[in-house]
$ cat start19.csv   # CSV, C-alpha atoms and all ligand atoms
chain,number,residue,atom,x,y,z
A,28,MET,CA,0.0,0.0,0.0
A,29,PHE,CA,1.2,3.5,-0.7
A,30,ASP,CA,2.6,4.9,2.5
A,31,PHE,CA,1.4,8.5,2.5
A,32,PHE,CA,3.6,9.6,5.4
A,33,LYS,CA,6.7,7.8,4.3
A,34,PHE,CA,6.4,9.7,1.0
A,35,PHE,CA,7.0,13.0,2.8
A,36,SER,CA,9.6,11.8,5.2
A,37,LYS,CA,13.2,11.1,4.2
A,38,ASP,CA,12.8,7.7,5.8
A,39,ASP,CA,15.2,5.8,3.6
A,40,ASN,CA,18.3,6.1,5.7
A,41,THR,CA,17.2,6.6,9.2
A,42,SER,CA,19.9,6.5,11.9
A,43,LYS,CA,18.4,3.2,13.1
A,44,ASP,CA,18.9,1.6,9.7
A,45,ILE,CA,22.5,2.8,9.7
A,46,ALA,CA,23.0,1.4,13.3
A,47,ARG,CA,21.5,-1.9,12.3
A,48,GLU,CA,23.7,-2.3,9.2
A,49,ARG,CA,26.9,-1.3,11.1
A,50,LEU,CA,26.1,-3.7,13.9
A,51,LYS,CA,25.5,-6.6,11.5
A,52,LEU,CA,28.8,-6.1,9.9
A,53,VAL,CA,30.9,-5.6,13.0
A,54,LEU,CA,29.3,-8.7,14.5
A,55,VAL,CA,30.5,-10.9,11.6
A,56,HIS,CA,34.0,-10.1,12.7
A,57,ASP,CA,33.4,-10.2,16.4
A,58,ARG,CA,31.8,-13.6,16.2
A,59,ALA,CA,34.5,-15.1,14.0
A,60,ASN,CA,37.0,-13.8,16.6
A,61,ILE,CA,35.3,-15.5,19.4
A,62,SER,CA,36.6,-18.8,18.0
A,63,PRO,CA,39.9,-18.5,16.3
A,64,ARG,CA,39.6,-22.1,15.3
A,65,PHE,CA,36.8,-21.1,12.9
A,66,LEU,CA,39.2,-19.9,10.2
A,67,GLU,CA,41.5,-22.9,10.7
A,68,MET,CA,38.6,-25.2,10.2
A,69,VAL,CA,37.6,-23.5,7.0
A,70,LYS,CA,41.2,-23.5,5.8
A,71,GLY,CA,41.5,-27.2,6.5
A,72,ASP,CA,38.4,-28.0,4.5
A,73,ILE,CA,39.4,-25.8,1.6
A,74,ILE,CA,42.8,-27.6,1.4
A,75,LYS,CA,41.0,-30.9,1.4
A,76,VAL,CA,38.8,-29.9,-1.5
A,77,ILE,CA,41.4,-28.3,-3.8
A,78,SER,CA,44.2,-30.7,-3.1
A,79,ASP,CA,42.5,-33.0,-5.6
A,80,TYR,CA,43.1,-30.6,-8.3
A,81,MET,CA,46.3,-28.8,-7.4
A,82,GLU,CA,49.3,-28.9,-5.2
A,83,ILE,CA,49.3,-25.8,-2.9
A,84,ASP,CA,51.7,-24.1,-0.7
A,85,GLU,CA,50.1,-24.6,2.7
A,86,LYS,CA,52.5,-22.3,4.5
A,87,GLY,CA,51.6,-19.4,2.2
A,88,PHE,CA,47.9,-20.1,2.5
A,89,ASP,CA,46.3,-17.0,3.9
A,90,ILE,CA,42.6,-16.7,4.8
A,91,ARG,CA,40.8,-13.9,6.5
A,92,LEU,CA,37.5,-12.0,6.9
A,93,SER,CA,37.5,-8.7,5.3
A,94,ARG,CA,35.3,-5.8,4.4
A,95,ILE,CA,34.7,-4.9,0.8
A,96,GLU,CA,33.3,-1.7,-0.5
A,97,GLN,CA,30.5,-2.1,-3.0
A,98,GLU,CA,29.4,0.2,-5.8
A,99,ASP,CA,26.8,1.8,-3.6
A,100,ASN,CA,29.5,2.8,-1.1
A,101,ASN,CA,28.1,0.2,1.4
A,102,TYR,CA,30.4,-2.4,2.9
A,103,THR,CA,29.9,-6.1,2.9
A,104,SER,CA,31.8,-8.9,4.6
A,105,ALA,CA,33.9,-11.2,2.5
A,106,LEU,CA,36.0,-14.2,3.1
A,107,VAL,CA,39.2,-13.6,1.3
A,108,ALA,CA,41.7,-16.4,0.6
A,109,ASN,CA,45.1,-16.2,-0.9
A,110,ILE,CA,46.3,-19.7,-2.0
A,111,PRO,CA,49.7,-20.0,-3.7
A,112,ILE,CA,49.7,-22.9,-6.2
A,113,LYS,CA,52.8,-25.1,-6.5
A,114,LYS,CA,51.6,-27.1,-9.5
A,115,MET,CA,48.4,-28.4,-11.1
A,116,LYS,CA,47.5,-32.0,-10.9
A,117,ASN,CA,46.5,-34.2,-13.7
A,118,ILE,CA,42.8,-34.4,-12.9
A,119,GLY,CA,42.1,-37.4,-15.1
A,120,LYS,CA,44.8,-39.5,-13.4
A,121,ASN,CA,43.8,-38.3,-10.0
A,122,LYS,CA,40.2,-39.3,-10.3
A,123,GLY,CA,41.1,-42.9,-11.0
B,12,MET,CA,16.0,-26.0,45.5
B,13,GLY,CA,16.1,-22.4,44.0
B,14,GLU,CA,17.4,-21.0,40.8
B,15,VAL,CA,20.5,-18.9,40.3
B,16,ILE,CA,20.1,-16.2,37.6
B,17,VAL,CA,23.0,-13.9,36.6
B,18,ILE,CA,22.1,-10.4,35.2
B,19,THR,CA,24.9,-9.4,32.9
B,20,SER,CA,25.7,-7.1,29.9
B,21,GLY,CA,29.3,-6.6,29.1
B,22,LYS,CA,29.0,-2.8,28.9
B,23,GLY,CA,28.5,-0.8,32.0
B,24,GLY,CA,25.7,1.6,32.7
B,25,VAL,CA,23.0,-0.2,30.7
B,26,GLY,CA,20.9,-1.1,33.8
B,27,LYS,CA,22.1,-4.4,35.3
B,28,THR,CA,21.9,-3.1,38.9
B,29,THR,CA,18.6,-1.4,38.3
B,30,THR,CA,17.2,-4.6,36.7
B,31,THR,CA,18.5,-6.8,39.5
B,32,ALA,CA,16.9,-4.6,42.2
B,33,ASN,CA,13.6,-4.3,40.4
B,34,ILE,CA,13.1,-7.9,39.4
B,35,GLY,CA,14.2,-9.0,42.9
B,36,THR,CA,11.7,-6.8,44.6
B,37,ALA,CA,9.0,-7.8,42.2
B,38,LEU,CA,9.7,-11.5,42.8
B,39,ALA,CA,9.5,-10.8,46.6
B,40,LEU,CA,6.2,-9.0,46.1
B,41,GLU,CA,5.0,-12.2,44.3
B,42,GLY,CA,5.7,-14.1,47.5
B,43,LYS,CA,9.1,-15.6,46.6
B,44,LYS,CA,12.1,-15.8,48.8
B,45,VAL,CA,14.8,-13.9,47.0
B,46,VAL,CA,18.5,-13.0,47.6
B,47,LEU,CA,20.2,-10.3,45.5
B,48,LEU,CA,24.0,-10.9,45.3
B,49,ASP,CA,26.1,-7.9,44.4
B,50,ALA,CA,29.1,-9.4,42.6
B,51,ASP,CA,30.6,-6.1,41.7
B,52,ILE,CA,33.5,-6.2,44.2
B,53,GLY,CA,35.0,-2.8,44.8
B,54,LEU,CA,32.1,-1.0,43.1
B,55,ARG,CA,29.3,-1.8,45.4
B,56,ASN,CA,26.0,-0.3,44.1
B,57,LEU,CA,23.0,-2.5,44.7
B,58,ASP,CA,22.9,-1.5,48.4
B,59,VAL,CA,22.2,2.1,47.6
B,60,VAL,CA,19.7,1.4,44.8
B,61,LEU,CA,17.8,-0.7,47.3
B,62,GLY,CA,18.2,1.9,50.1
B,63,LEU,CA,20.0,-0.6,52.4
B,64,GLU,CA,23.4,1.0,52.5
B,65,ASN,CA,23.2,1.8,56.2
B,66,ARG,CA,22.6,-1.7,57.3
B,67,ILE,CA,25.7,-3.4,56.0
B,68,VAL,CA,28.0,-5.0,58.6
B,69,TYR,CA,29.4,-8.0,56.7
B,70,ASP,CA,29.7,-8.7,53.0
B,71,MET,CA,30.0,-11.5,50.5
B,72,VAL,CA,33.8,-11.8,50.8
B,73,ASP,CA,33.5,-12.0,54.6
B,74,ALA,CA,31.0,-14.9,54.2
B,75,ILE,CA,33.3,-16.7,51.7
B,76,GLU,CA,36.4,-16.3,53.8
B,77,GLY,CA,34.6,-17.4,57.0
B,78,VAL,CA,34.9,-14.1,58.8
B,79,CYS,CA,31.2,-14.4,59.5
B,80,ARG,CA,28.4,-16.9,59.0
B,81,LEU,CA,26.5,-16.9,55.8
B,82,LYS,CA,23.4,-15.6,57.6
B,83,GLN,CA,25.3,-12.6,59.0
B,84,ALA,CA,26.1,-11.3,55.5
B,85,LEU,CA,22.4,-11.4,54.5
B,86,ILE,CA,20.6,-8.1,55.0
B,87,ARG,CA,16.8,-8.6,55.3
B,88,ASP,CA,14.8,-5.8,53.6
B,89,LYS,CA,12.2,-4.9,56.2
B,90,ARG,CA,9.9,-3.3,53.6
B,91,PHE,CA,9.5,-6.4,51.4
B,92,GLU,CA,8.9,-9.8,53.0
B,93,GLY,CA,11.3,-12.4,51.6
B,94,LEU,CA,13.8,-10.0,50.1
B,95,TYR,CA,17.5,-10.2,51.1
B,96,LEU,CA,20.7,-8.5,49.9
B,97,MET,CA,24.2,-9.9,50.1
B,98,PRO,CA,26.4,-6.9,49.5
B,99,ALA,CA,29.7,-6.8,47.7
B,100,ALA,CA,32.9,-6.0,49.5
B,101,GLN,CA,33.8,-2.4,48.8
B,102,THR,CA,37.5,-2.3,49.8
B,103,ARG,CA,38.7,-5.5,48.1
B,104,ASP,CA,39.4,-6.3,44.5
B,105,LYS,CA,37.8,-8.7,42.1
B,106,ASN,CA,40.5,-11.3,42.6
B,107,ALA,CA,39.5,-11.7,46.3
B,108,VAL,CA,37.1,-14.4,45.2
B,109,THR,CA,37.5,-17.4,42.8
B,110,PRO,CA,34.8,-18.9,40.5
B,111,ASP,CA,34.9,-22.1,42.7
B,112,GLN,CA,34.1,-20.1,45.8
B,113,MET,CA,31.3,-18.3,44.1
B,114,GLN,CA,29.9,-21.6,42.9
B,115,LYS,CA,29.9,-23.0,46.4
B,116,LEU,CA,28.3,-19.8,47.8
B,117,CYS,CA,25.5,-20.1,45.1
B,118,GLU,CA,24.9,-23.7,46.0
B,119,GLU,CA,24.4,-22.8,49.7
B,120,LEU,CA,22.1,-19.9,48.9
B,121,LYS,CA,20.0,-22.0,46.5
B,122,ASP,CA,19.1,-24.3,49.4
B,123,GLN,CA,17.5,-21.4,51.2
B,124,PHE,CA,16.0,-19.2,48.5
B,125,ASP,CA,13.7,-19.5,45.6
B,126,TYR,CA,15.8,-17.1,43.5
B,127,VAL,CA,19.4,-16.0,43.7
B,128,LEU,CA,19.9,-13.0,41.4
B,129,ILE,CA,23.5,-12.0,40.8
B,130,ASP,CA,24.3,-8.4,39.7
B,131,CYS,CA,27.3,-8.9,37.5
B,132,PRO,CA,30.0,-6.3,37.1
B,133,ALA,CA,30.8,-4.8,33.7
B,134,GLY,CA,33.5,-6.3,31.6
B,135,ILE,CA,34.6,-9.8,30.7
B,136,GLU,CA,37.4,-10.3,33.2
B,137,GLN,CA,37.6,-12.0,36.6
B,138,GLY,CA,34.5,-10.3,38.0
B,139,PHE,CA,32.4,-11.6,35.1
B,140,LYS,CA,33.8,-15.1,35.5
B,141,ASN,CA,33.0,-15.1,39.2
B,142,ALA,CA,29.5,-13.8,38.6
B,143,ILE,CA,28.5,-16.5,36.1
B,144,ALA,CA,30.3,-19.4,37.9
B,145,GLY,CA,27.3,-20.5,39.9
B,146,ALA,CA,24.5,-19.5,37.6
B,147,ASP,CA,21.8,-21.8,36.2
B,148,ARG,CA,20.6,-19.3,33.7
B,149,ALA,CA,21.5,-15.8,32.4
B,150,VAL,CA,19.7,-12.6,31.6
B,151,VAL,CA,21.5,-10.2,29.2
B,152,VAL,CA,20.6,-6.5,29.6
B,153,THR,CA,21.2,-4.2,26.7
B,154,VAL,CA,20.1,-0.7,25.5
B,155,PRO,CA,19.2,-0.2,21.8
B,156,GLU,CA,22.6,1.3,20.8
B,157,VAL,CA,25.4,-0.1,18.6
B,158,SER,CA,28.1,-0.4,21.3
B,159,ALA,CA,25.8,-2.0,23.9
B,160,VAL,CA,24.4,-4.5,21.5
B,161,ARG,CA,27.8,-5.4,20.3
B,162,ASP,CA,29.0,-6.0,23.8
B,163,ALA,CA,25.8,-8.0,24.5
B,164,ASP,CA,26.7,-10.2,21.5
B,165,ARG,CA,30.2,-10.9,22.9
B,166,ILE,CA,28.7,-11.7,26.3
B,167,ILE,CA,26.3,-14.2,24.7
B,168,GLY,CA,29.2,-15.9,23.1
B,169,LEU,CA,31.1,-16.1,26.4
B,170,LEU,CA,28.1,-17.4,28.3
B,171,SER,CA,27.7,-20.1,25.7
B,172,ALA,CA,31.4,-21.0,26.0
B,173,ASN,CA,30.6,-21.4,29.8
B,174,ASP,CA,27.6,-23.7,29.2
B,175,LEU,CA,25.0,-21.0,29.8
B,176,HIS,CA,23.4,-21.7,26.4
B,177,SER,CA,20.0,-20.0,26.3
B,178,PRO,CA,20.3,-16.5,27.9
B,179,GLN,CA,17.3,-14.3,27.7
B,180,LEU,CA,17.3,-10.6,26.6
B,181,ILE,CA,16.1,-7.5,28.4
B,182,ILE,CA,16.1,-4.4,26.2
B,183,ASN,CA,16.3,-1.4,28.6
B,184,ARG,CA,15.7,2.3,28.1
B,185,LEU,CA,13.7,2.0,24.9
B,186,ARG,CA,12.2,5.2,23.8
B,187,ALA,CA,9.0,4.8,21.8
B,188,ASP,CA,9.2,8.3,20.3
B,189,MET,CA,12.7,7.7,18.9
B,190,VAL,CA,11.7,4.3,17.6
B,191,LYS,CA,8.8,5.9,15.8
B,192,ARG,CA,10.9,8.4,14.0
B,193,GLY,CA,13.5,5.8,13.0
B,194,ASP,CA,16.2,7.0,15.4
B,195,MET,CA,16.4,4.0,17.6
B,196,MET,CA,16.6,0.3,16.8
B,197,ASP,CA,13.3,-1.4,17.7
B,198,ILE,CA,12.7,-4.6,19.5
B,199,ASN,CA,12.8,-6.8,16.4
B,200,ASP,CA,16.0,-5.2,15.1
B,201,THR,CA,17.7,-6.0,18.4
B,202,ILE,CA,16.5,-9.6,18.8
B,203,ASP,CA,17.1,-10.4,15.2
B,204,ILE,CA,20.7,-9.3,15.5
B,205,LEU,CA,21.4,-11.0,18.8
B,206,GLY,CA,19.3,-14.1,18.1
B,207,ILE,CA,18.2,-14.9,21.6
B,208,ASP,CA,14.8,-15.0,23.3
B,209,LEU,CA,13.3,-11.8,24.6
B,210,LEU,CA,12.4,-11.7,28.3
B,211,GLY,CA,11.1,-8.1,28.3
B,212,VAL,CA,11.5,-4.5,27.3
B,213,VAL,CA,11.8,-1.7,29.8
B,214,PRO,CA,11.1,1.9,28.7
B,215,ASP,CA,13.4,4.8,29.4
B,216,ASP,CA,11.6,6.3,32.4
B,217,GLU,CA,12.7,9.1,34.6
B,218,LYS,CA,10.9,7.5,37.6
B,219,ILE,CA,13.9,5.0,37.6
B,220,ILE,CA,16.1,7.9,38.7
B,221,VAL,CA,13.6,9.2,41.2
B,222,SER,CA,13.4,5.8,42.7
B,223,SER,CA,17.1,5.4,42.9
B,224,ASN,CA,17.3,8.8,44.6
B,225,ARG,CA,15.0,7.5,47.2
B,226,GLY,CA,16.3,4.0,47.4
B,227,GLU,CA,13.0,2.5,46.6
B,228,PRO,CA,12.7,0.2,43.5
B,229,ALA,CA,10.4,1.5,40.8
B,230,VAL,CA,8.3,-1.7,40.9
B,231,THR,CA,6.6,-0.3,44.0
B,232,GLU,CA,5.5,2.7,42.0
B,233,SER,CA,2.2,1.8,40.3
B,234,SER,CA,2.4,4.8,37.9
B,235,SER,CA,5.8,3.9,36.6
B,236,LEU,CA,5.8,2.3,33.2
B,237,ALA,CA,9.3,0.8,33.8
B,238,GLY,CA,8.0,-0.5,37.1
B,239,LYS,CA,5.2,-2.3,35.4
B,240,ALA,CA,7.6,-3.7,32.8
B,241,TYR,CA,9.8,-5.1,35.6
B,242,ARG,CA,6.8,-6.6,37.3
B,243,ASN,CA,5.9,-8.4,34.0
B,244,ILE,CA,9.5,-9.6,33.6
B,245,ALA,CA,9.4,-11.1,37.2
B,246,LYS,CA,6.2,-13.0,36.3
B,247,ARG,CA,7.8,-14.3,33.1
B,248,ILE,CA,10.8,-15.5,35.2
B,249,MET,CA,8.3,-17.4,37.3
B,250,GLY,CA,7.0,-19.1,34.1
B,251,GLU,CA,3.9,-17.0,33.6
B,252,ASP,CA,3.0,-16.1,30.0
B,253,VAL,CA,2.6,-12.3,30.2
B,254,PRO,CA,2.1,-10.5,26.9
B,255,LEU,CA,4.2,-7.5,26.0
B,256,LEU,CA,2.6,-4.3,27.2
B,257,SER,CA,1.9,-1.4,24.9
B,258,LEU,CA,4.4,1.4,25.3
B,259,ASN,CA,2.3,4.0,23.7
B,260,GLU,CA,0.1,5.3,26.4
B,261,GLU,CA,-0.9,8.3,24.6
B,262,ASN,CA,-1.6,7.9,20.9
B,263,THR,CA,-1.5,11.2,19.1
B,264,LEU,CA,-3.9,12.0,16.3
B,265,MET,CA,-0.9,12.0,14.0
B,266,ASP,CA,0.1,8.5,15.1
B,267,ARG,CA,-3.4,7.2,14.4
B,268,LEU,CA,-3.5,8.9,11.1
B,269,ARG,CA,-0.1,7.5,10.2
B,270,ARG,CA,-1.1,4.0,11.1
B,271,PHE,CA,-4.4,4.4,9.1
B,272,PHE,CA,-2.5,5.4,6.0
B,273,SER,CA,0.3,3.0,6.2
B,274,GLY,CA,-1.9,0.0,7.2
B,275,LYS,CA,0.6,-0.9,9.9
B,276,SER,CA,-0.2,-1.7,13.4
B,277,ASN,CA,1.6,-0.1,16.3
B,278,SER,CA,4.6,-2.2,17.2
B,279,SER,CA,6.0,-0.5,20.3
B,280,SER,CA,5.2,-2.7,23.2
B,281,ILE,CA,7.0,-4.0,26.3
C,301,LIG,N1,14.8,2.2,32.2
C,301,LIG,C1,15.6,3.3,32.7
C,301,LIG,N2,15.1,4.5,32.5
C,301,LIG,C2,15.9,5.6,32.9
C,301,LIG,N3,17.1,5.5,33.5
C,301,LIG,C3,17.6,4.2,33.7
C,301,LIG,C4,16.9,3.1,33.3
C,301,LIG,N4,17.6,2.0,33.6
C,301,LIG,C5,18.7,2.5,34.2
C,301,LIG,N5,18.7,3.8,34.3
C,301,LIG,C6,19.8,4.7,34.8
C,301,LIG,O1,21.0,4.4,34.2
C,301,LIG,C7,22.1,4.4,35.0
C,301,LIG,C8,22.9,3.1,35.0
C,301,LIG,O2,22.1,2.1,35.5
C,301,LIG,P1,22.7,0.9,36.4
C,301,LIG,O3,21.6,0.0,36.7
C,301,LIG,O4,23.5,1.4,37.5
C,301,LIG,O5,23.6,0.2,35.2
C,301,LIG,P2,24.7,-1.0,35.4
C,301,LIG,O6,24.5,-1.7,36.7
C,301,LIG,O7,24.5,-1.8,34.2
C,301,LIG,O8,26.1,-0.2,35.3
C,301,LIG,C9,21.5,4.7,36.4
C,301,LIG,O9,21.7,6.1,36.7
C,301,LIG,C10,20.1,4.4,36.3
C,301,LIG,O10,19.2,5.1,37.1
C,302,MG,MG,26.0,-2.0,38.3
$ encode --input "start19.csv" --output "structure tokens" --more "lines below"
Ligand SMILES: Nc1ncnc2c1ncn2[C@@H]1O[C@H](COP(=O)(O)OP(=O)(O)O)[C@@H](O)[C@H]1O
Ligand SMILES: [Mg+2]
Amino acid sequence: MFDFFKFFSKDDNTSKDIARERLKLVLVHDRANISPRFLEMVKGDIIKVISDYMEIDEKGFDIRLSRIEQEDNNYTSALVANIPIKKMKNIGKNKG
Amino acid sequence: MGEVIVITSGKGGVGKTTTTANIGTALALEGKKVVLLDADIGLRNLDVVLGLENRIVYDMVDAIEGVCRLKQALIRDKRFEGLYLMPAAQTRDKNAVTPDQMQKLCEELKDQFDYVLIDCPAGIEQGFKNAIAGADRAVVVTVPEVSAVRDADRIIGLLSANDLHSPQLIINRLRADMVKRGDMMDINDTIDILGIDLLGVVPDDEKIIVSSNRGEPAVTESSSLAGKAYRNIAKRIMGEDVPLLSLNEENTLMDRLRRFFSGKSNSSSI
């Protein structure tokens, strides 16, 4: 239904909306920090999956939560991983 | 066998002490036997909020260290049948007590009372660990602001790491007028973000300050909206199903018009 009053108020970015969005973002990081094991678990699983396809440098494997700016100037959370590859595996042979 | 409930928040100044005093008094008015345990060692406060500051002889640390008997550190509130305070030590530091000692103290108090409410100090250090050590359940107090909700989230994580898995939330100092104009997070925003069950909502109410000036909890004041909210919370703690109370006592013509045009119902309730 057409909101008569909303039309006249600049309701789009109220301070409570800003508060809510900032909180959501900051909590993604806080919550991940509560268990430092979380990223280690994710890292372990990623290694397991991609080891079938390529040989990677586990020491140089870097994974972290980050904030990425979008086109609309808002920020979103992202899981960023940097995985150095040593060499590709022959997939056909590997799947045997 | 009674129940030990810790009132905690992470951030200071959000209303833990006020909440402990008011829920405790309301439970006593419901006929329960209640002890309020001030775990804020070095920053004793609950005694003045309750107006019992002149009656303290022994404190919690005295009882734990065997300087006095447990009973001697319990101050009976003469105004409310069944209400007792165990004050914090004022001249000691947080490390005067260990979590094991607190747990033992709670066990003993549980035998004698229906409810043991623990007023937790701010922070996540030793004082917090002591306060939660003997608790069966936890109540998290927050105000609808970014920093307080963030701290509440951290506390919820720490409670869970200490096997207190289903804490309940009290949103304190809600202002219906600010919610209405979009300048304060509402009840749903806050519980969505924190993801725990709501125990109650307490409006921002100047009667709380008047009551603490006098040393008489607001639950005794029938005209106080915050007092009413705390009475409802006490009933919910006892297991009663009390619906949230409408926060908007006076509905302006403008409000009614706005609701008519937007087809929305009024969502500010406690
Ligand atoms: N619902 C409320 N309305 C108005 N003032 C409040 C309310 N709750 C708490 N206050 C005030 O806020 C201040 C901090 O409250 P307090 O209970 O001491 O917080 P904490 O124990 O968490 O540090 C006190 O001055 C108290 O009177
Ligand atoms: Mg306090």
$ closest_residue --input "start19.csv" --among "B:Asp125, B:Asn106, B:Phe139, B:Val25" --to "Pro155 of chain B" --atoms "only C-alpha atoms"
B:Val25
$ atom_distance --input "start19.csv" --atom1 "atom CA of Arg161 of chain B" --atom2 "atom CA of Ile204 of chain B"
9.4 Å
$ closest_atom_pairs --input "start19.csv" --of "chain B" --to "ligand LIG 301 (chain C)" --cutoff "7 Å" --atoms "all atoms listed in the file" --output "JSON lines"
{"residue": "B:Ser20", "atom": "CA", "partner": "C:LIG301", "partner_atom": "O7", "distance": 6.9}
{"residue": "B:Gly23", "atom": "CA", "partner": "C:LIG301", "partner_atom": "O8", "distance": 4.1}
{"residue": "B:Gly24", "atom": "CA", "partner": "C:LIG301", "partner_atom": "O8", "distance": 3.2}
{"residue": "B:Val25", "atom": "CA", "partner": "C:LIG301", "partner_atom": "O7", "distance": 4.1}
{"residue": "B:Gly26", "atom": "CA", "partner": "C:LIG301", "partner_atom": "O3", "distance": 3.2}
{"residue": "B:Lys27", "atom": "CA", "partner": "C:LIG301", "partner_atom": "O7", "distance": 3.7}
{"residue": "B:Thr28", "atom": "CA", "partner": "C:LIG301", "partner_atom": "O6", "distance": 3.7}
{"residue": "B:Thr29", "atom": "CA", "partner": "C:LIG301", "partner_atom": "O3", "distance": 3.7}
{"residue": "B:Thr30", "atom": "CA", "partner": "C:LIG301", "partner_atom": "O3", "distance": 6.4}
{"residue": "B:Ala133", "atom": "CA", "partner": "C:LIG301", "partner_atom": "O8", "distance": 6.8}
{"residue": "B:Asn183", "atom": "CA", "partner": "C:LIG301", "partner_atom": "N1", "distance": 5.3}
{"residue": "B:Arg184", "atom": "CA", "partner": "C:LIG301", "partner_atom": "N1", "distance": 4.2}
{"residue": "B:Val213", "atom": "CA", "partner": "C:LIG301", "partner_atom": "N1", "distance": 5.5}
{"residue": "B:Pro214", "atom": "CA", "partner": "C:LIG301", "partner_atom": "N1", "distance": 5.1}
{"residue": "B:Asp215", "atom": "CA", "partner": "C:LIG301", "partner_atom": "N2", "distance": 3.5}
{"residue": "B:Asp216", "atom": "CA", "partner": "C:LIG301", "partner_atom": "N2", "distance": 3.9}
{"residue": "B:Glu217", "atom": "CA", "partner": "C:LIG301", "partner_atom": "C2", "distance": 5.0}
{"residue": "B:Ile219", "atom": "CA", "partner": "C:LIG301", "partner_atom": "C2", "distance": 5.1}
{"residue": "B:Ile220", "atom": "CA", "partner": "C:LIG301", "partner_atom": "O10", "distance": 4.5}
{"residue": "B:Ser223", "atom": "CA", "partner": "C:LIG301", "partner_atom": "O10", "distance": 6.2}
{"residue": "B:Ala237", "atom": "CA", "partner": "C:LIG301", "partner_atom": "N1", "distance": 5.9}
$ residues_near_ligand --input "start19.csv" --ligand "ligand MG 302 (chain C)" --cutoff "12 Å" --atoms "all atoms listed in the file" --output "ChimeraX atom specification"
/B:18-32,48-60,99,129-134,138-139,152
$ closest_atom_pairs --input "start19.csv" --of "chain B" --to "chain A" --cutoff "9 Å" --atoms "all atoms listed in the file" --output "CSV"
residue,atom,partner,partner_atom,distance
B:Glu156,CA,A:Ala46,CA,7.5
B:Val157,CA,A:Leu50,CA,6.0
B:Ser158,CA,A:Leu50,CA,8.3
B:Val160,CA,A:Leu50,CA,7.8
B:Arg161,CA,A:Leu50,CA,6.8
B:Asp164,CA,A:Leu54,CA,7.6
B:Arg165,CA,A:Asp57,CA,7.3
B:Gly168,CA,A:Ile61,CA,7.1
B:Leu169,CA,A:Ile61,CA,8.2
B:Val190,CA,A:Lys43,CA,8.1
B:Arg192,CA,A:Thr41,CA,8.1
B:Gly193,CA,A:Thr41,CA,5.4
B:Asp194,CA,A:Lys43,CA,5.0
B:Met195,CA,A:Lys43,CA,5.0
B:Met196,CA,A:Lys43,CA,5.0
B:Asp197,CA,A:Lys43,CA,8.3
B:Asp200,CA,A:Arg47,CA,7.0
B:Thr201,CA,A:Arg47,CA,8.3
B:Ile204,CA,A:Lys51,CA,6.8
B:Arg269,CA,A:Phe32,CA,6.4
B:Phe272,CA,A:Phe31,CA,6.1
B:Ser273,CA,A:Asp30,CA,4.8
B:Gly274,CA,A:Met28,CA,7.4
$ closest_residue --input "start19.csv" --among "A:Glu85, A:Ile90, A:Leu106, A:Asp79" --to "Glu67 of chain A" --atoms "only C-alpha atoms"
A:Ile90
$ residues_around --input "start19.csv" --residues "segment 117-124 of chain B" --least-positions-apart "2" --cutoff "9 Å" --atoms "all atoms listed in the file" --output "ChimeraX atom specification"
/B:12-15,43-46,81,93,112-115,126-127,144-146
$ closest_residue --input "start19.csv" --among "A:Lys70, A:Lys75, A:Arg64, A:His56" --to "Arg94 of chain A" --atoms "all atoms listed in the file"
A:His56
$ atom_distance --input "start19.csv" --atom1 "atom CA of Ala229 of chain B" --atom2 "atom CA of Glu92 of chain B"
16.7 Å
$ atom_distance --input "start19.csv" --atom1 "atom CA of Lys239 of chain B" --atom2 "atom CA of Leu209 of chain B"
16.5 Å
$ build_atoms --input "start19.csv" --residues "segment 64-72 of chain A" --atoms "N, CA and C atoms" --output "CSV table (one decimal), keeping the file's coordinate frame"
chain,number,residue,atom,x,y,z
A,64,ARG,N,39.5,-20.8,16.0
A,64,ARG,CA,39.6,-22.1,15.3
A,64,ARG,C,38.7,-22.1,14.1
A,65,PHE,N,37.8,-21.2,14.0
A,65,PHE,CA,36.8,-21.1,12.9
A,65,PHE,C,37.6,-21.1,11.6
A,66,LEU,N,38.5,-20.1,11.4
A,66,LEU,CA,39.2,-19.9,10.2
A,66,LEU,C,40.1,-21.1,9.9
A,67,GLU,N,40.6,-21.7,10.9
A,67,GLU,CA,41.5,-22.9,10.7
A,67,GLU,C,40.7,-24.0,10.2
A,68,MET,N,39.4,-24.2,10.7
A,68,MET,CA,38.6,-25.2,10.2
A,68,MET,C,38.2,-25.0,8.7
A,69,VAL,N,37.9,-23.8,8.4
A,69,VAL,CA,37.6,-23.5,7.0
A,69,VAL,C,38.8,-23.7,6.1
A,70,LYS,N,39.9,-23.3,6.6
A,70,LYS,CA,41.2,-23.5,5.8
A,70,LYS,C,41.4,-25.0,5.6
A,71,GLY,N,41.3,-25.8,6.6
A,71,GLY,CA,41.5,-27.2,6.5
A,71,GLY,C,40.6,-27.8,5.4
A,72,ASP,N,39.3,-27.4,5.5
A,72,ASP,CA,38.4,-28.0,4.5
A,72,ASP,C,38.7,-27.5,3.1
